[in-house]
Amino acid sequence: MMRTRTMIPRSVIADVEQRVRRLCEDLAAKLQFHGWHHVSFVRDKSVHFADRNGAARDVVEVAALVHDLNYMVRRNSLPTDGAALRRKVLFVAGVPQGDIEWIERIVVEAEMRTRSRDISLEAQALSDADTLFKALPVTPVVLAHKYLQENGITLRELAYKIVGEQVGKADDGYYFYDSEAAATYSKWAETNLLLWKCIVESLDDPCVEDLLTKVAS
C-alpha cells in the first residue's frame, strides 16, 4: 500500500516565509533584483502553476521562497551556492528532512541555465514562475539595471547571458512548460528575447560602445 505523504504545515511555510523575508529586508541594499519583490512574485505564480499541473503545492511554495538564497551568499552565483543557507533556513523552520532534500533538487532542476525539457512537475511550476518574471515587459525597463548593480556585471555580460541561456529553450518549445503560460506570455517572452538579441547586436557598434562608456562615466 502506497504511503501518503504528509504535507508541510502552513505554520512551517509561514515560518520559512518570515525568515526569507527578513533576510531580504536585511540585505535589501544588495538584493536590488532578487529581493522580496522577486521572491513573492515567484512564490505566488509558482503556486498558481502548481495548482494547474498537479505538482505538490506545499513543496513548490517553499522551493519558490528559498530558490534565490544563493544571491544572499554570493553575487552573480548559482543555485548550488545557496544550498547550505537553504538547508539551514528550512531545517530551523521545521521542514522535514526528506522535503528539504526534495526542495533542493527542485531548485537546482529549475535553474534556467541548465534546465531541460523533461523536469519534474514541481520544477516546472517554479521554472515557469521565475521565467515569467524575466519575461515581464517591465523587467528590462525597470529592473535590468538593478540586476547589473546587484551582480556586478556589464550590460554586455547580461545580454549574452540572457540570449545564451534562454533563446535555445524558446526555439525548442519549452521556454514555458505550462500551456496556459505559453499561450498567455509567449508574446512577452519573444519580445523580450528579441530586445536582448538586438542589444547584443548593437554592442558590436563602436559608437554604441562609446555612448555607453560616456553614460557610465
# chains A, B, ... in the order shown; residues from 1 in each chain; ligands from 1
call {"tool": "residues_around", "arguments": {"residues": "segment 70-74 of chain A", "least_positions_apart": "3", "cutoff": "10 Å", "atoms": "only C-alpha atoms", "output": "PyMOL selection string"}}
result
chain A and resi 23-24+27-28+30-31+33-35+66-67+77-86+150-151
call {"tool": "residues_around", "arguments": {"residues": "segment 105-119 of chain A", "least_positions_apart": "3", "cutoff": "12 Å", "atoms": "only C-alpha atoms", "output": "ChimeraX atom specification"}}
result
/A:46,55-56,59-70,77-83,86-87,98-102,122-132,134,161-178
call {"tool": "residues_around", "arguments": {"residues": "Leu143 of chain A", "least_positions_apart": "5", "cutoff": "9 Å", "atoms": "only C-alpha atoms", "output": "list in words"}}
result
Gln32, Phe33, Val138 and Leu148 of chain A
call {"tool": "select_by_dssp", "arguments": {"residues": "segment 15-200 of chain A", "states": "alpha helix (DSSP H)", "output": "PyMOL selection string"}}
result
chain A and resi 15-26+36-53+57-66+70-73+83-93+97-109+121-135+144-151+155-171+179-200
call {"tool": "atom_distance", "arguments": {"atom1": "atom CA of Ile199 of chain A", "atom2": "atom CA of Tyr160 of chain A"}}
result
9.1 Å
call {"tool": "closest_atom_pairs", "arguments": {"of": "segment 48-151 of chain A", "to": "segment 16-19 of chain A", "cutoff": "7 Å", "atoms": "only C-alpha atoms", "output": "tab-separated table"}}
result
residue	atom	partner	partner_atom	distance
A:Leu65	CA	A:Glu17	CA	6.4
A:Val89	CA	A:Val16	CA	6.8
A:Leu90	CA	A:Val16	CA	6.5
A:Ala93	CA	A:Val16	CA	5.7
call {"tool": "closest_residue", "arguments": {"among": "A:Asn76, A:Phe133, A:Trp188, A:Ser11", "to": "Arg43 of chain A", "atoms": "only C-alpha atoms"}}
result
A:Phe133
call {"tool": "atom_distance", "arguments": {"atom1": "atom CA of Glu180 of chain A", "atom2": "atom CA of Ala135 of chain A"}}
result
14.8 Å
call {"tool": "closest_residue", "arguments": {"among": "A:Pro9, A:Val39, A:Leu136, A:Ala144", "to": "Arg57 of chain A", "atoms": "only C-alpha atoms"}}
result
A:Pro9
call {"tool": "atom_distance", "arguments": {"atom1": "atom CA of Ile153 of chain A", "atom2": "atom CA of Ala189 of chain A"}}
result
22.5 Å
call {"tool": "closest_residue", "arguments": {"among": "A:Ile103, A:Val141, A:Val208, A:Ala216", "to": "Asn192 of chain A", "atoms": "only C-alpha atoms"}}
result
A:Val141
call {"tool": "decode", "arguments": {"residues": "segment 79-185 of chain A", "atoms": "C-alpha atoms", "output": "JSON list (two decimals), in the first residue's frame"}}
result
[["chain", "number", "residue", "atom", "x", "y", "z"],
["A", 79, "PRO", "CA", 21.61, 27.95, -7.03],
["A", 80, "THR", "CA", 24.07, 25.41, -5.64],
["A", 81, "ASP", "CA", 25.94, 28.24, -3.90],
["A", 82, "GLY", "CA", 22.89, 28.75, -1.68],
["A", 83, "ALA", "CA", 22.48, 25.10, -0.67],
["A", 84, "ALA", "CA", 23.87, 25.46, 2.86],
["A", 85, "LEU", "CA", 21.82, 28.57, 3.65],
["A", 86, "ARG", "CA", 18.68, 26.98, 2.17],
["A", 87, "ARG", "CA", 19.11, 23.87, 4.28],
["A", 88, "LYS", "CA", 19.67, 25.95, 7.40],
["A", 89, "VAL", "CA", 16.55, 28.09, 6.85],
["A", 90, "LEU", "CA", 14.39, 25.06, 6.09],
["A", 91, "PHE", "CA", 15.73, 22.97, 8.97],
["A", 92, "VAL", "CA", 15.27, 25.71, 11.57],
["A", 93, "ALA", "CA", 11.74, 26.39, 10.27],
["A", 94, "GLY", "CA", 10.87, 22.72, 10.78],
["A", 95, "VAL", "CA", 10.68, 21.42, 7.21],
["A", 96, "PRO", "CA", 11.07, 17.60, 7.24],
["A", 97, "GLN", "CA", 14.47, 16.36, 6.08],
["A", 98, "GLY", "CA", 13.01, 14.43, 3.15],
["A", 99, "ASP", "CA", 11.26, 17.56, 1.90],
["A", 100, "ILE", "CA", 14.45, 19.60, 2.35],
["A", 101, "GLU", "CA", 16.25, 17.22, 0.00],
["A", 102, "TRP", "CA", 13.32, 17.34, -2.45],
["A", 103, "ILE", "CA", 13.23, 21.14, -2.40],
["A", 104, "GLU", "CA", 16.96, 21.30, -3.11],
["A", 105, "ARG", "CA", 16.52, 19.06, -6.15],
["A", 106, "ILE", "CA", 13.64, 21.22, -7.40],
["A", 107, "VAL", "CA", 15.61, 24.46, -7.08],
["A", 108, "VAL", "CA", 18.60, 23.04, -8.97],
["A", 109, "GLU", "CA", 16.40, 21.36, -11.57],
["A", 110, "ALA", "CA", 14.51, 24.59, -12.33],
["A", 111, "GLU", "CA", 17.64, 26.67, -12.93],
["A", 112, "MET", "CA", 17.32, 28.44, -16.30],
["A", 113, "ARG", "CA", 20.92, 27.84, -17.32],
["A", 114, "THR", "CA", 20.73, 24.05, -17.06],
["A", 115, "ARG", "CA", 17.04, 23.08, -17.11],
["A", 116, "SER", "CA", 15.86, 20.57, -19.71],
["A", 117, "ARG", "CA", 12.59, 19.69, -21.39],
["A", 118, "ASP", "CA", 11.89, 16.80, -19.01],
["A", 119, "ILE", "CA", 11.95, 18.17, -15.47],
["A", 120, "SER", "CA", 9.59, 17.35, -12.61],
["A", 121, "LEU", "CA", 6.18, 18.98, -12.31],
["A", 122, "GLU", "CA", 7.39, 20.84, -9.21],
["A", 123, "ALA", "CA", 10.41, 22.22, -11.06],
["A", 124, "GLN", "CA", 8.18, 23.15, -13.99],
["A", 125, "ALA", "CA", 5.92, 25.23, -11.74],
["A", 126, "LEU", "CA", 8.90, 27.03, -10.19],
["A", 127, "SER", "CA", 10.62, 27.49, -13.53],
["A", 128, "ASP", "CA", 7.54, 28.96, -15.22],
["A", 129, "ALA", "CA", 7.09, 31.48, -12.42],
["A", 130, "ASP", "CA", 10.75, 32.53, -12.44],
["A", 131, "THR", "CA", 10.83, 32.64, -16.24],
["A", 132, "LEU", "CA", 7.71, 34.81, -16.30],
["A", 133, "PHE", "CA", 9.41, 37.35, -14.05],
["A", 134, "LYS", "CA", 12.26, 37.52, -16.58],
["A", 135, "ALA", "CA", 9.81, 37.86, -19.48],
["A", 136, "LEU", "CA", 7.65, 40.62, -17.99],
["A", 137, "PRO", "CA", 7.66, 43.68, -20.29],
["A", 138, "VAL", "CA", 8.57, 45.86, -17.31],
["A", 139, "THR", "CA", 11.62, 43.83, -16.30],
["A", 140, "PRO", "CA", 14.14, 45.20, -18.84],
["A", 141, "VAL", "CA", 12.83, 48.72, -18.31],
["A", 142, "VAL", "CA", 12.60, 48.84, -14.51],
["A", 143, "LEU", "CA", 14.76, 46.00, -13.20],
["A", 144, "ALA", "CA", 17.57, 45.17, -15.65],
["A", 145, "HIS", "CA", 19.86, 47.89, -14.32],
["A", 146, "LYS", "CA", 19.21, 46.64, -10.81],
["A", 147, "TYR", "CA", 20.39, 43.18, -11.88],
["A", 148, "LEU", "CA", 23.59, 44.73, -13.22],
["A", 149, "GLN", "CA", 24.23, 46.58, -9.98],
["A", 150, "GLU", "CA", 23.36, 43.62, -7.76],
["A", 151, "ASN", "CA", 25.61, 41.19, -9.59],
["A", 152, "GLY", "CA", 28.43, 43.48, -10.63],
["A", 153, "ILE", "CA", 28.31, 42.60, -14.32],
["A", 154, "THR", "CA", 28.21, 44.63, -17.52],
["A", 155, "LEU", "CA", 25.33, 45.11, -19.93],
["A", 156, "ARG", "CA", 27.24, 43.01, -22.47],
["A", 157, "GLU", "CA", 27.62, 40.16, -19.99],
["A", 158, "LEU", "CA", 23.92, 40.26, -19.11],
["A", 159, "ALA", "CA", 22.83, 40.39, -22.74],
["A", 160, "TYR", "CA", 25.00, 37.41, -23.68],
["A", 161, "LYS", "CA", 23.79, 35.54, -20.60],
["A", 162, "ILE", "CA", 20.11, 36.06, -21.46],
["A", 163, "VAL", "CA", 20.50, 35.21, -25.14],
["A", 164, "GLY", "CA", 22.78, 32.26, -24.45],
["A", 165, "GLU", "CA", 20.61, 30.70, -21.75],
["A", 166, "GLN", "CA", 17.09, 31.48, -22.95],
["A", 167, "VAL", "CA", 16.83, 31.68, -26.74],
["A", 168, "GLY", "CA", 17.53, 27.99, -27.31],
["A", 169, "LYS", "CA", 14.81, 26.94, -24.90],
["A", 170, "ALA", "CA", 12.33, 29.26, -26.60],
["A", 171, "ASP", "CA", 13.31, 27.90, -30.04],
["A", 172, "ASP", "CA", 12.95, 24.32, -28.80],
["A", 173, "GLY", "CA", 9.47, 24.97, -27.42],
["A", 174, "TYR", "CA", 9.92, 24.73, -23.65],
["A", 175, "TYR", "CA", 10.50, 28.29, -22.58],
["A", 176, "PHE", "CA", 7.29, 27.78, -20.59],
["A", 177, "TYR", "CA", 6.13, 24.29, -19.59],
["A", 178, "ASP", "CA", 2.54, 25.18, -18.73],
["A", 179, "SER", "CA", 0.27, 25.52, -21.78],
["A", 180, "GLU", "CA", -1.62, 28.44, -20.23],
["A", 181, "ALA", "CA", 1.62, 30.27, -19.51],
["A", 182, "ALA", "CA", 2.87, 29.63, -23.04],
["A", 183, "ALA", "CA", -0.37, 30.88, -24.58],
["A", 184, "THR", "CA", -0.59, 33.94, -22.34],
["A", 185, "TYR", "CA", 3.02, 35.07, -22.03]]
